[in-house]
Amino acid sequence: MDVKSLYTFIAVVDHGSFAQAAEALDLSASAISVQMRGLEADVDMRLFDRSRRPPVLTHEGRDFIERAREVIAIWEDLSHSLRRDSNAGKLRIGAVHTAVSTLLPAALRRLRESHPNLEMRLTTGLAHELDATLRAGLIDVALTTGTTEVATGFVFHTISAQRLVVLAHAGAKGTDFRELLQHNPYVRFSRQARVGEMVERALEHNGIQVQTVMEVDTQDGVLALVAAGLGVSVVPEHPKLQNPQFRVMPLGDPPPLRLLGLMFDPTSPRRRFCDLLCEELRREAVDMGMSVPPAPES
């Protein structure tokens with residue numbers, strides 16, 4: 001068994017078929033098939049059920065993919081550690097959309113400036129999607145919304161705490177947050193997003209019923225619709241809201257807090273880079289005037 005075969009195996013699983021993996025790796029489908037049969041012979045397991053089209057993982061294959069990812073992570077970390085530059089490496093980052101449009105870009109830029117040989121890969125998704133991707137070993141760290149139920153084996157380091165606020169156009173009807181929500185069309189933050197779930201609970205807690213006219217899954221989308229006078233919404237407080245075209249009021253007293261932080265495996269071989277990213281994100285949060293809790297203990 002060689003590392004190349006493990007990379008190919010992971011590519012097949014991630015792309016969903018031999019043909020798509022072959023296209024991604026610039027190989028022929030027959031070459032992929034030969035590698036996979038060789039891998040099965042080496043590990044003495046039937047990894048794929050070839051009676052299905054396309055072939056799917058067997059029970060043994062589903063177990064083996066997790067072990068393969070662990071081996072590759074260790075191999076990559078060892079390879080990087082053998083280089084003279086101890087700052088070289090790779091960090092696979094997942095982030096919720098709100099973080100990509102706010103804190104993350106400047107933090108990544110500073111991290112790249114201080115560690116030019118660090119390879120960074122970024123994917124985006126909803127919080128529950130990132131949680132699953134992290135547990136599957138497809139990313140090393142997730143910049144995600146806080147939860148009281150952190151997955152076993154992971155830690156959550158809070159970057160910022162944001163109040164939930166009612167966001168309205170300057171011309172919207174209403175003198176307080178209740179009137180704004182009840183007397184104007186409502187732009188709902190997607191209920192599939194964790195912050196959307198928080199908003200729903202907060203509205204129910206305050207006994208507020210809204211008239212939903214639109215539902216979107218990005219904060220930038222919400223801001224654009226509210227700025228156009230198409231409705232009011234509830235979003236995490238952010239410096240972008242400091243604009244004369246908006247009216248901003250806390251959702252209750254005190255308003256709920258949306259926590260944004262990094263979740264990762266503290267035993268990860270890339271822990272050092274996770275900590276560096278955490279530092280840069282907290283620095284950016286301070287620069288943007290966001291509420292930042294005390295730094296986590298090492």
# chains A, B, ... in the order shown; residues from 1 in each chain; ligands from 1
>>> residues_around(residues="region 165-176 of chain A", least_positions_apart="3", cutoff="12 Å", atoms="only C-alpha atoms", output="VMD selection string")
chain A and resid 162 179 to 189 195 198 to 199 202 to 203 219 222 to 238 240 to 258
>>> residues_around(residues="region 127-141 of chain A", least_positions_apart="5", cutoff="6 Å", atoms="only C-alpha atoms", output="PyMOL selection string")
chain A and resi 92-93+263-264
>>> write_last_selection(atoms="C-alpha atoms", output="compact mmCIF listing (two decimals), in the first residue's frame")
# COMPACT_ATOMS: atom_id res chain seq x y z
CA ARG A 92 -8.10 23.36 5.52
CA ILE A 93 -10.59 25.92 6.80
CA MET A 263 -13.88 24.54 16.43
CA PHE A 264 -11.11 21.99 15.97
>>> residues_around(residues="His157 (chain A)", least_positions_apart="4", cutoff="8 Å", atoms="only C-alpha atoms", output="ChimeraX atom specification")
/A:261-263,278,296
>>> closest_residue(among="A:Arg201, A:Arg270, A:Arg191, A:Arg50", to="Glu119 (chain A)", atoms="only C-alpha atoms")
A:Arg270
>>> select_by_dssp(residues="region 147-208 of chain A", states="strand (DSSP E or B)", output="list in words")
Val155, Phe156, His157, Thr158, Ile159, Ser160, Ala161, Gln162, Arg163, Leu164, Val165, Val166, Leu167, Ala168, His169, Pro185, Tyr186, Val187, Arg188 and Phe189 of chain A
>>> residues_around(residues="region 53-70 of chain A", least_positions_apart="4", cutoff="12 Å", atoms="only C-alpha atoms", output="PyMOL selection string")
chain A and resi 1-21+29+33+36+39-40+43-49+74-77+134-140+268-269
>>> write_last_selection(atoms="C-alpha atoms", output="PDB file, in the first residue's frame")
ATOM      1  CA  MET A   1       0.000   0.000   0.000  1.00  0.00           C
ATOM      2  CA  ASP A   2       1.354   3.424  -0.899  1.00  0.00           C
ATOM      3  CA  VAL A   3       0.283   6.980  -0.104  1.00  0.00           C
ATOM      4  CA  LYS A   4      -0.682   7.604  -3.724  1.00  0.00           C
ATOM      5  CA  SER A   5      -3.344   4.901  -3.553  1.00  0.00           C
ATOM      6  CA  LEU A   6      -4.774   6.427  -0.376  1.00  0.00           C
ATOM      7  CA  TYR A   7      -4.994   9.855  -2.046  1.00  0.00           C
ATOM      8  CA  THR A   8      -6.786   8.245  -4.987  1.00  0.00           C
ATOM      9  CA  PHE A   9      -9.157   6.370  -2.667  1.00  0.00           C
ATOM     10  CA  ILE A  10     -10.058   9.604  -0.864  1.00  0.00           C
ATOM     11  CA  ALA A  11     -10.572  11.352  -4.213  1.00  0.00           C
ATOM     12  CA  VAL A  12     -13.000   8.642  -5.338  1.00  0.00           C
ATOM     13  CA  VAL A  13     -14.995   8.982  -2.119  1.00  0.00           C
ATOM     14  CA  ASP A  14     -15.017  12.794  -2.171  1.00  0.00           C
ATOM     15  CA  HIS A  15     -15.974  13.053  -5.858  1.00  0.00           C
ATOM     16  CA  GLY A  16     -18.545  10.283  -5.721  1.00  0.00           C
ATOM     17  CA  SER A  17     -17.347   8.094  -8.571  1.00  0.00           C
ATOM     18  CA  PHE A  18     -14.299   6.626 -10.301  1.00  0.00           C
ATOM     19  CA  ALA A  19     -15.008   8.748 -13.389  1.00  0.00           C
ATOM     20  CA  GLN A  20     -15.157  12.076 -11.550  1.00  0.00           C
ATOM     21  CA  ALA A  21     -12.064  11.230  -9.513  1.00  0.00           C
ATOM     22  CA  ALA A  29     -11.002   5.660 -15.162  1.00  0.00           C
ATOM     23  CA  SER A  33      -9.914   1.118 -11.048  1.00  0.00           C
ATOM     24  CA  MET A  36      -8.398   0.648  -6.166  1.00  0.00           C
ATOM     25  CA  LEU A  39      -5.441  -1.134  -2.611  1.00  0.00           C
ATOM     26  CA  GLU A  40      -8.132  -3.700  -1.813  1.00  0.00           C
ATOM     27  CA  VAL A  43      -5.469  -4.199   2.830  1.00  0.00           C
ATOM     28  CA  ASP A  44      -7.355  -7.466   2.201  1.00  0.00           C
ATOM     29  CA  MET A  45     -10.728  -5.705   2.198  1.00  0.00           C
ATOM     30  CA  ARG A  46     -13.521  -5.196  -0.313  1.00  0.00           C
ATOM     31  CA  LEU A  47     -13.804  -1.407  -0.202  1.00  0.00           C
ATOM     32  CA  PHE A  48     -16.329  -0.940  -3.025  1.00  0.00           C
ATOM     33  CA  ASP A  49     -19.554  -2.654  -3.971  1.00  0.00           C
ATOM     34  CA  ILE A  74      -0.133  12.328   9.609  1.00  0.00           C
ATOM     35  CA  TRP A  75       1.823  11.846   6.379  1.00  0.00           C
ATOM     36  CA  GLU A  76       1.323  15.463   5.304  1.00  0.00           C
ATOM     37  CA  ASP A  77       2.288  16.759   8.717  1.00  0.00           C
ATOM     38  CA  LEU A 134     -15.046  18.698  10.409  1.00  0.00           C
ATOM     39  CA  ARG A 135     -16.032  15.407  12.041  1.00  0.00           C
ATOM     40  CA  ALA A 136     -15.473  13.643   8.716  1.00  0.00           C
ATOM     41  CA  GLY A 137     -11.904  14.959   8.587  1.00  0.00           C
ATOM     42  CA  LEU A 138     -12.444  16.964   5.385  1.00  0.00           C
ATOM     43  CA  ILE A 139     -11.384  20.211   7.065  1.00  0.00           C
ATOM     44  CA  ASP A 140      -9.020  20.938   9.949  1.00  0.00           C
ATOM     45  CA  SER A 268      -4.673  17.774  15.535  1.00  0.00           C
ATOM     46  CA  PRO A 269      -1.189  17.888  13.977  1.00  0.00           C
TER      47      PRO A 269
END
>>> atom_distance(atom1="CA of Pro239 (chain A)", atom2="CA of Thr102 (chain A)")
9.2 Å
>>> residues_around(residues="Phe273 (chain A)", least_positions_apart="5", cutoff="9 Å", atoms="only C-alpha atoms", output="VMD selection string")
chain A and resid 87 89 to 91 118 278
>>> write_last_selection(atoms="N, CA, C and O atoms", output="compact mmCIF listing (two decimals), in the first residue's frame")
# COMPACT_ATOMS: atom_id res chain seq x y z
N ASN A 87 7.44 26.86 9.37
CA ASN A 87 6.18 27.54 9.20
C ASN A 87 5.40 27.04 7.99
O ASN A 87 4.34 27.56 7.66
N GLY A 89 3.18 24.30 5.82
CA GLY A 89 2.14 23.34 6.16
C GLY A 89 0.89 23.62 5.36
O GLY A 89 0.90 24.40 4.41
N LYS A 90 -0.19 22.97 5.75
CA LYS A 90 -1.46 23.16 5.07
C LYS A 90 -2.57 23.21 6.11
O LYS A 90 -2.56 22.45 7.07
N LEU A 91 -3.50 24.12 5.92
CA LEU A 91 -4.63 24.26 6.83
C LEU A 91 -5.91 24.35 6.00
O LEU A 91 -6.08 25.26 5.19
N LEU A 118 2.54 28.71 4.30
CA LEU A 118 1.38 27.97 4.79
C LEU A 118 0.32 27.95 3.69
O LEU A 118 -0.17 28.99 3.25
N CYS A 278 -6.77 31.60 15.17
CA CYS A 278 -7.59 32.13 16.26
C CYS A 278 -7.08 33.50 16.71
O CYS A 278 -7.87 34.44 16.90
>>> select_by_dssp(residues="region 90-270 of chain A", states="alpha helix (DSSP H)", output="ChimeraX atom specification")
/A:97-100,104-114,127-135,177-182,194-205,219-227
>>> write_last_selection(atoms="C-alpha atoms", output="compact mmCIF listing (two decimals), in the first residue's frame")
# COMPACT_ATOMS: atom_id res chain seq x y z
CA HIS A 97 -20.90 32.81 5.19
CA THR A 98 -21.19 35.68 7.66
CA ALA A 99 -17.57 35.21 8.72
CA VAL A 100 -16.29 35.17 5.13
CA LEU A 104 -12.01 36.15 7.86
CA PRO A 105 -10.43 37.90 4.84
CA ALA A 106 -8.20 40.27 6.83
CA ALA A 107 -7.23 37.49 9.26
CA LEU A 108 -6.22 35.19 6.40
CA ARG A 109 -4.25 37.98 4.74
CA ARG A 110 -2.22 38.62 7.90
CA LEU A 111 -1.68 34.90 8.43
CA ARG A 112 -0.40 34.55 4.86
CA GLU A 113 1.91 37.53 5.32
CA SER A 114 3.43 36.05 8.49
CA ALA A 127 -22.89 25.69 10.66
CA HIS A 128 -24.34 22.17 10.76
CA GLU A 129 -22.70 21.37 7.42
CA LEU A 130 -19.31 22.54 8.70
CA ASP A 131 -19.72 20.48 11.89
CA ALA A 132 -20.26 17.34 9.81
CA THR A 133 -17.39 18.18 7.46
CA LEU A 134 -15.05 18.70 10.41
CA ARG A 135 -16.03 15.41 12.04
CA PHE A 177 -38.11 46.82 18.12
CA ARG A 178 -41.54 45.20 18.58
CA GLU A 179 -43.29 47.71 16.35
CA LEU A 180 -40.60 47.44 13.70
CA LEU A 181 -41.04 43.68 13.54
CA GLN A 182 -44.83 43.62 13.73
CA ARG A 194 -27.86 28.16 13.24
CA VAL A 195 -28.25 31.92 13.66
CA GLY A 196 -31.65 31.57 11.98
CA GLU A 197 -32.65 29.05 14.63
CA MET A 198 -31.51 31.51 17.32
CA VAL A 199 -33.63 34.27 15.81
CA GLU A 200 -36.71 32.03 15.71
CA ARG A 201 -36.31 31.16 19.41
CA ALA A 202 -35.81 34.84 20.32
CA LEU A 203 -38.95 35.91 18.44
CA GLU A 204 -40.96 33.19 20.15
CA HIS A 205 -39.52 34.14 23.56
CA GLN A 219 -26.29 38.22 5.91
CA ASP A 220 -25.22 40.30 2.90
CA GLY A 221 -28.46 39.29 1.20
CA VAL A 222 -30.48 40.39 4.22
CA LEU A 223 -28.68 43.73 4.38
CA ALA A 224 -29.28 44.41 0.68
CA LEU A 225 -33.00 43.68 0.95
CA VAL A 226 -33.45 45.81 4.06
CA ALA A 227 -31.42 48.65 2.48
>>> residues_around(residues="Ala95 (chain A)", least_positions_apart="4", cutoff="7 Å", atoms="only C-alpha atoms", output="ChimeraX atom specification")
/A:99-100,123-125,142-144
>>> write_last_selection(atoms="all heavy atoms", output="JSON list (two decimals), in the first residue's frame")
[["chain", "number", "residue", "atom", "x", "y", "z"],
["A", 99, "ALA", "N", -18.96, 34.98, 8.36],
["A", 99, "ALA", "CA", -17.57, 35.21, 8.72],
["A", 99, "ALA", "C", -16.72, 35.54, 7.50],
["A", 99, "ALA", "O", -15.77, 36.34, 7.57],
["A", 99, "ALA", "CB", -17.00, 33.97, 9.42],
["A", 100, "VAL", "N", -17.06, 34.93, 6.36],
["A", 100, "VAL", "CA", -16.29, 35.17, 5.13],
["A", 100, "VAL", "C", -16.47, 36.62, 4.67],
["A", 100, "VAL", "O", -15.56, 37.21, 4.08],
["A", 100, "VAL", "CB", -16.73, 34.20, 4.01],
["A", 100, "VAL", "CG1", -16.01, 34.50, 2.70],
["A", 100, "VAL", "CG2", -16.42, 32.76, 4.43],
["A", 123, "THR", "N", -13.39, 26.54, 2.43],
["A", 123, "THR", "CA", -14.72, 26.16, 1.96],
["A", 123, "THR", "C", -15.74, 26.86, 2.85],
["A", 123, "THR", "O", -15.43, 27.23, 3.99],
["A", 123, "THR", "CB", -14.95, 24.65, 2.01],
["A", 123, "THR", "OG1", -14.79, 24.18, 3.38],
["A", 123, "THR", "CG2", -13.96, 23.91, 1.13],
["A", 124, "THR", "N", -16.94, 27.06, 2.35],
["A", 124, "THR", "CA", -17.98, 27.71, 3.13],
["A", 124, "THR", "C", -19.20, 26.80, 3.26],
["A", 124, "THR", "O", -19.38, 25.86, 2.47],
["A", 124, "THR", "CB", -18.41, 29.04, 2.47],
["A", 124, "THR", "OG1", -18.94, 28.77, 1.16],
["A", 124, "THR", "CG2", -17.23, 29.99, 2.36],
["A", 125, "GLY", "N", -20.03, 27.11, 4.23],
["A", 125, "GLY", "CA", -21.25, 26.31, 4.43],
["A", 125, "GLY", "C", -22.00, 26.78, 5.64],
["A", 125, "GLY", "O", -21.56, 27.69, 6.36],
["A", 142, "ALA", "N", -13.10, 24.77, 11.81],
["A", 142, "ALA", "CA", -14.33, 25.40, 11.34],
["A", 142, "ALA", "C", -14.54, 26.71, 12.09],
["A", 142, "ALA", "O", -14.53, 26.74, 13.32],
["A", 142, "ALA", "CB", -15.53, 24.47, 11.56],
["A", 143, "LEU", "N", -14.71, 27.78, 11.34],
["A", 143, "LEU", "CA", -15.10, 29.07, 11.90],
["A", 143, "LEU", "C", -16.63, 29.10, 11.84],
["A", 143, "LEU", "O", -17.22, 29.31, 10.78],
["A", 143, "LEU", "CB", -14.49, 30.22, 11.09],
["A", 143, "LEU", "CG", -14.84, 31.64, 11.54],
["A", 143, "LEU", "CD1", -14.54, 31.86, 13.01],
["A", 143, "LEU", "CD2", -14.10, 32.67, 10.69],
["A", 144, "THR", "N", -17.25, 28.87, 12.98],
["A", 144, "THR", "CA", -18.67, 28.56, 12.97],
["A", 144, "THR", "C", -19.39, 29.22, 14.14],
["A", 144, "THR", "O", -18.76, 29.80, 15.03],
["A", 144, "THR", "CB", -18.87, 27.03, 13.00],
["A", 144, "THR", "OG1", -20.24, 26.69, 12.89],
["A", 144, "THR", "CG2", -18.30, 26.43, 14.29]]
>>> atom_distance(atom1="CA of Thr218 (chain A)", atom2="CA of Gly94 (chain A)")
15.6 Å
>>> atom_distance(atom1="CA of Ala193 (chain A)", atom2="CA of Glu215 (chain A)")
11.3 Å
>>> closest_residue(among="A:Ile32, A:Ile208, A:Leu259, A:Cys274", to="Arg163 (chain A)", atoms="only C-alpha atoms")
A:Leu259
